[in-house]
>>> print(open('final_7.txt').read())   # compact mmCIF, N, CA and C atoms
# COMPACT_ATOMS: atom_id res chain seq x y z
N MET A 1 -206.96 -3.94 1.52
CA MET A 1 -206.09 -4.41 0.45
C MET A 1 -206.78 -5.56 -0.30
N VAL A 2 -206.71 -5.52 -1.63
CA VAL A 2 -207.35 -6.53 -2.47
C VAL A 2 -206.50 -7.80 -2.45
N SER A 3 -207.17 -8.93 -2.24
CA SER A 3 -206.42 -10.18 -2.20
C SER A 3 -205.91 -10.54 -3.59
N LYS A 4 -204.82 -11.30 -3.60
CA LYS A 4 -204.24 -11.71 -4.88
C LYS A 4 -205.19 -12.61 -5.66
N THR A 5 -205.95 -13.44 -4.96
CA THR A 5 -206.89 -14.34 -5.62
C THR A 5 -207.99 -13.55 -6.32
N LEU A 6 -208.53 -12.55 -5.63
CA LEU A 6 -209.58 -11.72 -6.23
C LEU A 6 -209.04 -10.96 -7.44
N LEU A 7 -207.86 -10.40 -7.31
CA LEU A 7 -207.25 -9.66 -8.40
C LEU A 7 -207.01 -10.57 -9.60
N PHE A 8 -206.50 -11.78 -9.36
CA PHE A 8 -206.26 -12.75 -10.42
C PHE A 8 -207.58 -13.08 -11.13
N GLY A 9 -208.63 -13.31 -10.35
CA GLY A 9 -209.94 -13.64 -10.92
C GLY A 9 -210.50 -12.52 -11.76
N LEU A 10 -210.38 -11.29 -11.28
CA LEU A 10 -210.89 -10.15 -12.04
C LEU A 10 -210.15 -9.94 -13.35
N LEU A 11 -208.87 -10.26 -13.37
CA LEU A 11 -208.07 -10.07 -14.58
C LEU A 11 -208.26 -11.17 -15.61
N PHE A 12 -208.44 -12.41 -15.15
CA PHE A 12 -208.40 -13.53 -16.08
C PHE A 12 -209.74 -14.21 -16.33
N ILE A 13 -210.75 -13.96 -15.55
CA ILE A 13 -212.06 -14.57 -15.81
C ILE A 13 -212.64 -14.11 -17.14
N PRO A 14 -212.52 -12.83 -17.52
CA PRO A 14 -213.07 -12.43 -18.82
C PRO A 14 -212.48 -13.21 -19.99
N LEU A 15 -211.24 -13.66 -19.87
CA LEU A 15 -210.63 -14.44 -20.95
C LEU A 15 -211.37 -15.76 -21.14
N GLY A 16 -211.82 -16.35 -20.06
CA GLY A 16 -212.55 -17.61 -20.13
C GLY A 16 -213.95 -17.45 -20.67
N LEU A 17 -214.55 -16.26 -20.54
CA LEU A 17 -215.90 -16.03 -21.01
C LEU A 17 -215.97 -15.93 -22.53
N SER A 18 -214.88 -15.59 -23.16
CA SER A 18 -214.82 -15.47 -24.61
C SER A 18 -214.32 -16.80 -25.16
N ALA A 19 -215.25 -17.73 -25.35
CA ALA A 19 -214.88 -19.08 -25.77
C ALA A 19 -214.24 -19.07 -27.15
N GLN A 20 -213.28 -19.94 -27.32
CA GLN A 20 -212.60 -20.09 -28.61
C GLN A 20 -212.99 -21.44 -29.19
N HIS A 21 -213.22 -21.46 -30.49
CA HIS A 21 -213.73 -22.67 -31.13
C HIS A 21 -212.87 -23.07 -32.33
N THR A 22 -213.06 -24.32 -32.73
CA THR A 22 -212.36 -24.86 -33.90
C THR A 22 -213.36 -24.95 -35.06
N LEU A 23 -212.90 -24.55 -36.23
CA LEU A 23 -213.69 -24.70 -37.46
C LEU A 23 -212.93 -25.63 -38.38
N GLU A 24 -213.55 -26.74 -38.73
CA GLU A 24 -212.97 -27.68 -39.68
C GLU A 24 -213.72 -27.54 -41.00
N ILE A 25 -212.96 -27.30 -42.05
CA ILE A 25 -213.53 -27.21 -43.40
C ILE A 25 -213.17 -28.51 -44.12
N GLN A 26 -214.17 -29.33 -44.38
CA GLN A 26 -213.96 -30.58 -45.10
C GLN A 26 -214.29 -30.31 -46.56
N VAL A 27 -213.25 -30.19 -47.37
CA VAL A 27 -213.41 -29.88 -48.79
C VAL A 27 -213.57 -31.19 -49.55
N GLU A 28 -214.70 -31.32 -50.25
CA GLU A 28 -215.01 -32.56 -50.96
C GLU A 28 -214.96 -32.35 -52.47
N LYS A 29 -214.85 -33.47 -53.17
CA LYS A 29 -214.79 -33.50 -54.64
C LYS A 29 -213.53 -32.79 -55.16
N VAL A 30 -212.43 -32.95 -54.42
CA VAL A 30 -211.13 -32.44 -54.88
C VAL A 30 -210.70 -33.38 -56.00
N ARG A 31 -210.45 -32.85 -57.18
CA ARG A 31 -210.21 -33.68 -58.37
C ARG A 31 -208.82 -34.30 -58.44
N LYS A 32 -207.81 -33.64 -57.85
CA LYS A 32 -206.47 -34.21 -57.93
C LYS A 32 -205.62 -33.79 -56.74
N SER A 33 -204.59 -34.56 -56.50
CA SER A 33 -203.67 -34.30 -55.38
C SER A 33 -202.51 -33.44 -55.82
N GLU A 34 -202.80 -32.36 -56.48
CA GLU A 34 -201.78 -31.40 -56.90
C GLU A 34 -202.12 -30.04 -56.32
N GLY A 35 -201.13 -29.28 -55.96
CA GLY A 35 -201.36 -27.93 -55.46
C GLY A 35 -201.87 -27.90 -54.04
N HIS A 36 -202.58 -26.84 -53.72
CA HIS A 36 -203.08 -26.61 -52.36
C HIS A 36 -204.55 -26.18 -52.39
N ILE A 37 -205.24 -26.47 -51.32
CA ILE A 37 -206.56 -25.92 -51.09
C ILE A 37 -206.35 -24.70 -50.21
N ARG A 38 -206.76 -23.53 -50.67
CA ARG A 38 -206.57 -22.28 -49.93
C ARG A 38 -207.93 -21.77 -49.48
N VAL A 39 -208.04 -21.50 -48.18
CA VAL A 39 -209.31 -21.13 -47.57
C VAL A 39 -209.18 -19.76 -46.90
N ALA A 40 -210.14 -18.88 -47.17
CA ALA A 40 -210.19 -17.55 -46.55
C ALA A 40 -211.46 -17.46 -45.71
N LEU A 41 -211.30 -16.92 -44.51
CA LEU A 41 -212.41 -16.75 -43.58
C LEU A 41 -212.68 -15.26 -43.42
N TYR A 42 -213.93 -14.87 -43.61
CA TYR A 42 -214.33 -13.46 -43.54
C TYR A 42 -215.35 -13.25 -42.43
N THR A 43 -215.39 -12.02 -41.89
CA THR A 43 -216.31 -11.72 -40.80
C THR A 43 -217.31 -10.61 -41.11
N ASN A 44 -217.25 -10.02 -42.29
CA ASN A 44 -218.21 -8.96 -42.60
C ASN A 44 -218.43 -8.83 -44.11
N ALA A 45 -219.56 -8.25 -44.45
CA ALA A 45 -219.95 -8.12 -45.86
C ALA A 45 -219.05 -7.16 -46.62
N GLU A 46 -218.61 -6.09 -45.96
CA GLU A 46 -217.80 -5.08 -46.65
C GLU A 46 -216.46 -5.65 -47.13
N GLY A 47 -215.89 -6.55 -46.37
CA GLY A 47 -214.59 -7.10 -46.73
C GLY A 47 -214.65 -8.42 -47.48
N PHE A 48 -215.86 -8.94 -47.69
CA PHE A 48 -216.00 -10.26 -48.29
C PHE A 48 -215.38 -10.31 -49.68
N LEU A 49 -214.51 -11.28 -49.88
CA LEU A 49 -213.79 -11.57 -51.12
C LEU A 49 -212.73 -10.53 -51.45
N HIS A 50 -212.38 -9.67 -50.51
CA HIS A 50 -211.26 -8.76 -50.67
C HIS A 50 -210.07 -9.38 -49.94
N PHE A 51 -209.03 -9.71 -50.68
CA PHE A 51 -207.91 -10.42 -50.09
C PHE A 51 -207.23 -9.64 -48.97
N ASP A 52 -207.31 -8.32 -49.01
CA ASP A 52 -206.68 -7.52 -47.96
C ASP A 52 -207.55 -7.42 -46.70
N GLN A 53 -208.75 -8.03 -46.72
CA GLN A 53 -209.63 -7.97 -45.57
C GLN A 53 -210.02 -9.35 -45.05
N VAL A 54 -209.20 -10.33 -45.33
CA VAL A 54 -209.43 -11.68 -44.83
C VAL A 54 -209.20 -11.69 -43.32
N TYR A 55 -210.13 -12.29 -42.58
CA TYR A 55 -209.98 -12.40 -41.13
C TYR A 55 -208.88 -13.39 -40.79
N SER A 56 -208.91 -14.54 -41.47
CA SER A 56 -207.90 -15.57 -41.26
C SER A 56 -207.83 -16.43 -42.52
N ALA A 57 -206.67 -16.98 -42.81
CA ALA A 57 -206.50 -17.83 -43.99
C ALA A 57 -205.65 -19.05 -43.63
N ARG A 58 -205.97 -20.15 -44.27
CA ARG A 58 -205.21 -21.38 -44.08
C ARG A 58 -205.12 -22.08 -45.43
N SER A 59 -204.17 -22.99 -45.53
CA SER A 59 -204.07 -23.83 -46.71
C SER A 59 -203.60 -25.21 -46.30
N ALA A 60 -203.86 -26.17 -47.17
CA ALA A 60 -203.43 -27.55 -46.95
C ALA A 60 -203.12 -28.15 -48.30
N PRO A 61 -202.15 -29.06 -48.36
CA PRO A 61 -201.89 -29.75 -49.62
C PRO A 61 -203.16 -30.46 -50.10
N ALA A 62 -203.46 -30.33 -51.37
CA ALA A 62 -204.66 -30.96 -51.93
C ALA A 62 -204.52 -32.47 -51.88
N SER A 63 -205.59 -33.12 -51.52
CA SER A 63 -205.65 -34.57 -51.49
C SER A 63 -206.88 -34.99 -52.29
N LYS A 64 -206.67 -35.79 -53.33
CA LYS A 64 -207.77 -36.19 -54.20
C LYS A 64 -208.92 -36.77 -53.38
N GLY A 65 -210.11 -36.30 -53.67
CA GLY A 65 -211.29 -36.76 -52.96
C GLY A 65 -211.69 -35.78 -51.86
N GLN A 66 -210.84 -35.68 -50.84
CA GLN A 66 -211.19 -34.87 -49.68
C GLN A 66 -209.95 -34.27 -49.03
N THR A 67 -210.05 -33.00 -48.62
CA THR A 67 -208.96 -32.30 -47.93
C THR A 67 -209.55 -31.58 -46.73
N LEU A 68 -208.88 -31.67 -45.60
CA LEU A 68 -209.33 -31.02 -44.38
C LEU A 68 -208.46 -29.81 -44.08
N VAL A 69 -209.11 -28.66 -43.83
CA VAL A 69 -208.41 -27.43 -43.46
C VAL A 69 -209.01 -26.97 -42.13
N VAL A 70 -208.15 -26.66 -41.14
CA VAL A 70 -208.62 -26.38 -39.79
C VAL A 70 -208.22 -24.97 -39.34
N PHE A 71 -209.18 -24.28 -38.73
CA PHE A 71 -208.96 -22.98 -38.08
C PHE A 71 -209.17 -23.20 -36.59
N ASN A 72 -208.23 -22.77 -35.77
CA ASN A 72 -208.35 -22.90 -34.32
C ASN A 72 -208.54 -21.53 -33.68
N ASP A 73 -209.03 -21.55 -32.45
CA ASP A 73 -209.13 -20.35 -31.61
C ASP A 73 -209.98 -19.25 -32.22
N LEU A 74 -211.14 -19.61 -32.76
CA LEU A 74 -212.05 -18.61 -33.32
C LEU A 74 -213.09 -18.22 -32.27
N PRO A 75 -213.32 -16.93 -32.09
CA PRO A 75 -214.38 -16.51 -31.18
C PRO A 75 -215.75 -16.74 -31.81
N GLU A 76 -216.78 -16.78 -30.97
CA GLU A 76 -218.15 -16.89 -31.48
C GLU A 76 -218.40 -15.72 -32.42
N GLY A 77 -219.19 -15.98 -33.46
CA GLY A 77 -219.50 -14.91 -34.38
C GLY A 77 -220.02 -15.42 -35.71
N THR A 78 -220.22 -14.49 -36.62
CA THR A 78 -220.70 -14.79 -37.97
C THR A 78 -219.52 -14.78 -38.92
N TYR A 79 -219.43 -15.82 -39.75
CA TYR A 79 -218.31 -15.98 -40.66
C TYR A 79 -218.83 -16.41 -42.04
N ALA A 80 -217.98 -16.27 -43.04
CA ALA A 80 -218.24 -16.80 -44.38
C ALA A 80 -216.90 -17.30 -44.92
N VAL A 81 -216.96 -18.36 -45.71
CA VAL A 81 -215.76 -19.00 -46.24
C VAL A 81 -215.75 -18.92 -47.76
N ALA A 82 -214.58 -18.61 -48.30
CA ALA A 82 -214.33 -18.72 -49.74
C ALA A 82 -213.06 -19.54 -49.88
N LEU A 83 -213.05 -20.45 -50.84
CA LEU A 83 -211.86 -21.29 -51.03
C LEU A 83 -211.64 -21.58 -52.49
N TYR A 84 -210.41 -21.98 -52.80
CA TYR A 84 -210.11 -22.38 -54.17
C TYR A 84 -209.01 -23.43 -54.17
N HIS A 85 -208.96 -24.18 -55.26
CA HIS A 85 -207.92 -25.19 -55.45
C HIS A 85 -206.81 -24.55 -56.27
N ASP A 86 -205.74 -24.20 -55.59
CA ASP A 86 -204.58 -23.58 -56.22
C ASP A 86 -203.75 -24.69 -56.88
N ASN A 87 -204.15 -25.06 -58.07
CA ASN A 87 -203.55 -26.20 -58.77
C ASN A 87 -202.04 -26.10 -58.94
N ASN A 88 -201.55 -24.90 -59.23
CA ASN A 88 -200.12 -24.73 -59.51
C ASN A 88 -199.35 -24.15 -58.32
N SER A 89 -200.00 -24.05 -57.15
CA SER A 89 -199.35 -23.57 -55.91
C SER A 89 -198.66 -22.22 -56.07
N ASN A 90 -199.27 -21.31 -56.84
CA ASN A 90 -198.67 -19.99 -56.99
C ASN A 90 -199.27 -18.97 -56.01
N ALA A 91 -200.12 -19.45 -55.09
CA ALA A 91 -200.73 -18.64 -54.03
C ALA A 91 -201.60 -17.50 -54.55
N LYS A 92 -202.18 -17.69 -55.75
CA LYS A 92 -203.14 -16.72 -56.25
C LYS A 92 -204.19 -17.45 -57.07
N LEU A 93 -205.38 -16.86 -57.10
CA LEU A 93 -206.46 -17.43 -57.89
C LEU A 93 -206.27 -17.02 -59.34
N ASP A 94 -205.94 -17.99 -60.17
CA ASP A 94 -205.73 -17.70 -61.59
C ASP A 94 -207.06 -17.47 -62.29
N LYS A 95 -207.10 -16.42 -63.13
CA LYS A 95 -208.32 -16.05 -63.85
C LYS A 95 -208.02 -15.91 -65.34
N ASN A 96 -209.07 -16.02 -66.15
CA ASN A 96 -208.88 -15.82 -67.59
C ASN A 96 -208.97 -14.32 -67.91
N PHE A 97 -208.91 -13.97 -69.16
CA PHE A 97 -208.88 -12.56 -69.56
C PHE A 97 -210.16 -11.81 -69.21
N LEU A 98 -211.26 -12.53 -68.93
CA LEU A 98 -212.52 -11.90 -68.53
C LEU A 98 -212.64 -11.77 -67.01
N GLY A 99 -211.67 -12.32 -66.29
CA GLY A 99 -211.71 -12.28 -64.83
C GLY A 99 -212.42 -13.47 -64.21
N ILE A 100 -212.74 -14.46 -65.03
CA ILE A 100 -213.41 -15.66 -64.54
C ILE A 100 -212.34 -16.64 -64.02
N PRO A 101 -212.55 -17.19 -62.80
CA PRO A 101 -211.55 -18.11 -62.24
C PRO A 101 -211.29 -19.32 -63.14
N LYS A 102 -210.02 -19.63 -63.32
CA LYS A 102 -209.61 -20.83 -64.07
C LYS A 102 -209.43 -22.00 -63.12
N GLU A 103 -209.37 -21.72 -61.82
CA GLU A 103 -209.23 -22.76 -60.81
C GLU A 103 -210.57 -22.90 -60.08
N LYS A 104 -210.82 -24.10 -59.55
CA LYS A 104 -212.09 -24.37 -58.87
C LYS A 104 -212.23 -23.49 -57.64
N VAL A 105 -213.40 -22.90 -57.46
CA VAL A 105 -213.72 -22.08 -56.29
C VAL A 105 -214.99 -22.64 -55.64
N ALA A 106 -215.14 -22.36 -54.33
CA ALA A 106 -216.33 -22.78 -53.60
C ALA A 106 -216.53 -21.85 -52.41
N PHE A 107 -217.74 -21.89 -51.86
CA PHE A 107 -218.11 -21.01 -50.76
C PHE A 107 -218.92 -21.78 -49.73
N SER A 108 -218.97 -21.27 -48.53
CA SER A 108 -219.83 -21.86 -47.51
C SER A 108 -221.29 -21.53 -47.85
N HIS A 109 -222.12 -22.54 -47.92
CA HIS A 109 -223.57 -22.41 -48.11
C HIS A 109 -224.02 -21.73 -49.40
N ALA A 110 -223.16 -21.55 -50.37
CA ALA A 110 -223.58 -20.88 -51.61
C ALA A 110 -222.70 -21.32 -52.77
N LYS A 111 -223.15 -21.04 -53.97
CA LYS A 111 -222.40 -21.35 -55.19
C LYS A 111 -222.21 -20.08 -56.01
N MET A 112 -221.32 -20.15 -56.98
CA MET A 112 -221.15 -19.03 -57.91
C MET A 112 -222.49 -18.76 -58.57
N ARG A 113 -222.77 -17.47 -58.75
CA ARG A 113 -223.98 -17.08 -59.47
C ARG A 113 -223.63 -16.94 -60.95
N THR A 114 -224.63 -16.74 -61.76
CA THR A 114 -224.42 -16.60 -63.20
C THR A 114 -223.45 -15.46 -63.51
N PHE A 115 -223.59 -14.36 -62.79
CA PHE A 115 -222.75 -13.20 -63.06
C PHE A 115 -221.91 -12.81 -61.85
N GLY A 116 -221.22 -13.77 -61.28
CA GLY A 116 -220.31 -13.45 -60.20
C GLY A 116 -220.49 -14.29 -58.96
N PRO A 117 -219.70 -13.98 -57.96
CA PRO A 117 -219.73 -14.76 -56.73
C PRO A 117 -220.93 -14.40 -55.85
N PRO A 118 -221.25 -15.26 -54.89
CA PRO A 118 -222.34 -14.95 -53.97
C PRO A 118 -221.95 -13.81 -53.02
N GLU A 119 -222.91 -13.31 -52.30
CA GLU A 119 -222.66 -12.27 -51.32
C GLU A 119 -222.38 -12.89 -49.95
N PHE A 120 -221.85 -12.09 -49.05
CA PHE A 120 -221.54 -12.54 -47.70
C PHE A 120 -222.76 -13.17 -47.04
N LYS A 121 -223.91 -12.51 -47.13
CA LYS A 121 -225.12 -13.00 -46.46
C LYS A 121 -225.52 -14.39 -46.96
N ASP A 122 -225.20 -14.71 -48.22
CA ASP A 122 -225.52 -16.03 -48.77
C ASP A 122 -224.61 -17.12 -48.22
N CYS A 123 -223.42 -16.73 -47.80
CA CYS A 123 -222.40 -17.68 -47.34
C CYS A 123 -222.29 -17.74 -45.82
N ALA A 124 -222.92 -16.81 -45.13
CA ALA A 124 -222.73 -16.63 -43.69
C ALA A 124 -223.24 -17.80 -42.86
N PHE A 125 -222.55 -18.06 -41.77
CA PHE A 125 -222.93 -19.07 -40.79
C PHE A 125 -222.42 -18.62 -39.42
N GLU A 126 -223.00 -19.15 -38.37
CA GLU A 126 -222.63 -18.80 -37.01
C GLU A 126 -221.71 -19.87 -36.42
N ILE A 127 -220.75 -19.39 -35.65
CA ILE A 127 -219.93 -20.30 -34.85
C ILE A 127 -220.25 -20.01 -33.39
N LYS A 128 -220.79 -21.01 -32.71
CA LYS A 128 -221.08 -20.92 -31.28
C LYS A 128 -220.45 -22.09 -30.54
N LYS A 129 -219.89 -23.03 -31.30
CA LYS A 129 -219.24 -24.21 -30.75
C LYS A 129 -218.28 -24.73 -31.82
N ASP A 130 -217.52 -25.75 -31.53
CA ASP A 130 -216.67 -26.36 -32.55
C ASP A 130 -217.57 -26.79 -33.71
N THR A 131 -217.13 -26.50 -34.93
CA THR A 131 -217.98 -26.68 -36.11
C THR A 131 -217.21 -27.35 -37.24
N ARG A 132 -217.90 -28.20 -37.99
CA ARG A 132 -217.34 -28.79 -39.21
C ARG A 132 -218.28 -28.48 -40.37
N LEU A 133 -217.72 -27.87 -41.40
CA LEU A 133 -218.48 -27.58 -42.63
C LEU A 133 -217.98 -28.48 -43.75
N LYS A 134 -218.91 -28.99 -44.53
CA LYS A 134 -218.55 -29.72 -45.74
C LYS A 134 -218.82 -28.79 -46.91
N ILE A 135 -217.78 -28.58 -47.71
CA ILE A 135 -217.89 -27.71 -48.89
C ILE A 135 -217.35 -28.51 -50.08
N ALA A 136 -218.17 -28.61 -51.13
CA ALA A 136 -217.77 -29.37 -52.31
C ALA A 136 -217.54 -28.43 -53.49
N PHE A 137 -216.56 -28.80 -54.31
CA PHE A 137 -216.30 -28.05 -55.55
C PHE A 137 -217.38 -28.39 -56.56
>>> encode(input="final_7.txt", output="structure tokens")
Amino acid sequence: MVSKTLLFGLLFIPLGLSAQHTLEIQVEKVRKSEGHIRVALYTNAEGFLHFDQVYSARSAPASKGQTLVVFNDLPEGTYAVALYHDNNSNAKLDKNFLGIPKEKVAFSHAKMRTFGPPEFKDCAFEIKKDTRLKIAF
């Protein structure tokens, strides 16, 4: 007969092997304390910048100068961040008639290109421990 201790260990040890980490996004150069900073976290190139394929999303009230947005319980892996300052708190990225964002946008490790946003590979970073990224508008 299998002991209860052994059975408990076999069932729950794998949970401990999959470490969970915290990602803090320190958003800098926030121009005003109006609206929200909305952050989307992606895990693959195919879904990057597709709102229906966001791995996780968070928001925080905008604070002039600097705003902190935190993601908890993230497994190790490759991620990319896209964020915007939702000035009017309508929970969508407002664009002009050409499709160009009217609200400030930013990305992890990359900037907007002349003809569109960066690719996942340009924004990608690894999480292997608790991490803090500084992203400026």
>>> select_by_dssp(input="final_7.txt", residues="region 4-98 of chain A", states="helix (DSSP H, G or I)", output="ChimeraX atom specification")
/A:4-17,51-53
>>> write_last_selection(input="final_7.txt", atoms="N, CA and C atoms", output="PDB file, in the coordinates of the input")
ATOM      1  N   LYS A   4    -204.820 -11.300  -3.600  1.00  0.00           N
ATOM      2  CA  LYS A   4    -204.240 -11.710  -4.880  1.00  0.00           C
ATOM      3  C   LYS A   4    -205.190 -12.610  -5.660  1.00  0.00           C
ATOM      4  N   THR A   5    -205.950 -13.440  -4.960  1.00  0.00           N
ATOM      5  CA  THR A   5    -206.890 -14.340  -5.620  1.00  0.00           C
ATOM      6  C   THR A   5    -207.990 -13.550  -6.320  1.00  0.00           C
ATOM      7  N   LEU A   6    -208.530 -12.550  -5.630  1.00  0.00           N
ATOM      8  CA  LEU A   6    -209.580 -11.720  -6.230  1.00  0.00           C
ATOM      9  C   LEU A   6    -209.040 -10.960  -7.440  1.00  0.00           C
ATOM     10  N   LEU A   7    -207.860 -10.400  -7.310  1.00  0.00           N
ATOM     11  CA  LEU A   7    -207.250  -9.660  -8.400  1.00  0.00           C
ATOM     12  C   LEU A   7    -207.010 -10.570  -9.600  1.00  0.00           C
ATOM     13  N   PHE A   8    -206.500 -11.780  -9.360  1.00  0.00           N
ATOM     14  CA  PHE A   8    -206.260 -12.750 -10.420  1.00  0.00           C
ATOM     15  C   PHE A   8    -207.580 -13.080 -11.130  1.00  0.00           C
ATOM     16  N   GLY A   9    -208.630 -13.310 -10.350  1.00  0.00           N
ATOM     17  CA  GLY A   9    -209.940 -13.640 -10.920  1.00  0.00           C
ATOM     18  C   GLY A   9    -210.500 -12.520 -11.760  1.00  0.00           C
ATOM     19  N   LEU A  10    -210.380 -11.290 -11.280  1.00  0.00           N
ATOM     20  CA  LEU A  10    -210.890 -10.150 -12.040  1.00  0.00           C
ATOM     21  C   LEU A  10    -210.150  -9.940 -13.350  1.00  0.00           C
ATOM     22  N   LEU A  11    -208.870 -10.260 -13.370  1.00  0.00           N
ATOM     23  CA  LEU A  11    -208.070 -10.070 -14.580  1.00  0.00           C
ATOM     24  C   LEU A  11    -208.260 -11.170 -15.610  1.00  0.00           C
ATOM     25  N   PHE A  12    -208.440 -12.410 -15.150  1.00  0.00           N
ATOM     26  CA  PHE A  12    -208.400 -13.530 -16.080  1.00  0.00           C
ATOM     27  C   PHE A  12    -209.740 -14.210 -16.330  1.00  0.00           C
ATOM     28  N   ILE A  13    -210.750 -13.960 -15.550  1.00  0.00           N
ATOM     29  CA  ILE A  13    -212.060 -14.570 -15.810  1.00  0.00           C
ATOM     30  C   ILE A  13    -212.640 -14.110 -17.140  1.00  0.00           C
ATOM     31  N   PRO A  14    -212.520 -12.830 -17.520  1.00  0.00           N
ATOM     32  CA  PRO A  14    -213.070 -12.430 -18.820  1.00  0.00           C
ATOM     33  C   PRO A  14    -212.480 -13.210 -19.990  1.00  0.00           C
ATOM     34  N   LEU A  15    -211.240 -13.660 -19.870  1.00  0.00           N
ATOM     35  CA  LEU A  15    -210.630 -14.440 -20.950  1.00  0.00           C
ATOM     36  C   LEU A  15    -211.370 -15.760 -21.140  1.00  0.00           C
ATOM     37  N   GLY A  16    -211.820 -16.350 -20.060  1.00  0.00           N
ATOM     38  CA  GLY A  16    -212.550 -17.610 -20.130  1.00  0.00           C
ATOM     39  C   GLY A  16    -213.950 -17.450 -20.670  1.00  0.00           C
ATOM     40  N   LEU A  17    -214.550 -16.260 -20.540  1.00  0.00           N
ATOM     41  CA  LEU A  17    -215.900 -16.030 -21.010  1.00  0.00           C
ATOM     42  C   LEU A  17    -215.970 -15.930 -22.530  1.00  0.00           C
ATOM     43  N   PHE A  51    -209.030  -9.710 -50.680  1.00  0.00           N
ATOM     44  CA  PHE A  51    -207.910 -10.420 -50.090  1.00  0.00           C
ATOM     45  C   PHE A  51    -207.230  -9.640 -48.970  1.00  0.00           C
ATOM     46  N   ASP A  52    -207.310  -8.320 -49.010  1.00  0.00           N
ATOM     47  CA  ASP A  52    -206.680  -7.520 -47.960  1.00  0.00           C
ATOM     48  C   ASP A  52    -207.550  -7.420 -46.700  1.00  0.00           C
ATOM     49  N   GLN A  53    -208.750  -8.030 -46.720  1.00  0.00           N
ATOM     50  CA  GLN A  53    -209.630  -7.970 -45.570  1.00  0.00           C
ATOM     51  C   GLN A  53    -210.020  -9.350 -45.050  1.00  0.00           C
TER      52      GLN A  53
END
>>> residues_near_point(input="final_7.txt", point="(-214.7, -21.7, -31.6)", cutoff="7 Å", atoms="only N, CA and C atoms", output="MDAnalysis selection string")
chainID A and resid 19:23 72:76 127:131
>>> atom_distance(input="final_7.txt", atom1="atom C of Thr114 (chain A)", atom2="CA of Ile100 (chain A)")
10.1 Å
>>> atom_distance(input="final_7.txt", atom1="atom C of Ala40 (chain A)", atom2="atom N of Met112 (chain A)")
15.2 Å
>>> atom_distance(input="final_7.txt", atom1="CA of Ile37 (chain A)", atom2="CA of Phe115 (chain A)")
23.8 Å
>>> select_by_dssp(input="final_7.txt", residues="chain A", states="strand (DSSP E)", output="ChimeraX atom specification")
/A:20-30,36-42,56-61,65-75,77-86,105-107,125-127,131-136
>>> residues_around(input="final_7.txt", residues="Phe137 (chain A)", least_positions_apart="5", cutoff="12 Å", atoms="only C-alpha atoms", output="list in words")
Gln26, Val27, Glu28, Lys29, Val30, Arg31, Lys32, Ile37, Lys64, Gly65, Gln66, Thr67, Ala82, Leu83, Tyr84, His85, Glu103, Lys104, Val105, Ala106, Phe107, Ser108, His109, Ala110, Lys111 and Met112 of chain A
>>> axis_aligned_box(input="final_7.txt", around="region 27-32 of chain A", padding_each_side="3 Å", output="JSON")
{"center_x": -210.3, "center_y": -32.1, "center_z": -52.9, "size_x": 15.4, "size_y": 10.4, "size_z": 17.1}
>>> closest_residue(input="final_7.txt", among="A:Val81, A:Asn87, A:Glu34, A:Tyr42", to="Pro61 (chain A)", atoms="only N, CA and C atoms")
A:Glu34
>>> closest_residue(input="final_7.txt", among="A:His36, A:Arg58, A:Lys102, A:Lys121", to="Ala80 (chain A)", atoms="all atoms listed in the file")
A:Lys121
>>> residues_near_point(input="final_7.txt", point="(-210.5, -12.0, -49.0)", cutoff="12 Å", atoms="only C-alpha atoms", output="VMD selection string")
chain A and resid 38 to 58 80 to 84 92 to 93 107 120
>>> residues_around(input="final_7.txt", residues="Ile25 (chain A)", least_positions_apart="6", cutoff="6.5 Å", atoms="only N, CA and C atoms", output="NGL selection string")
:A and (67-71 or 131-135)
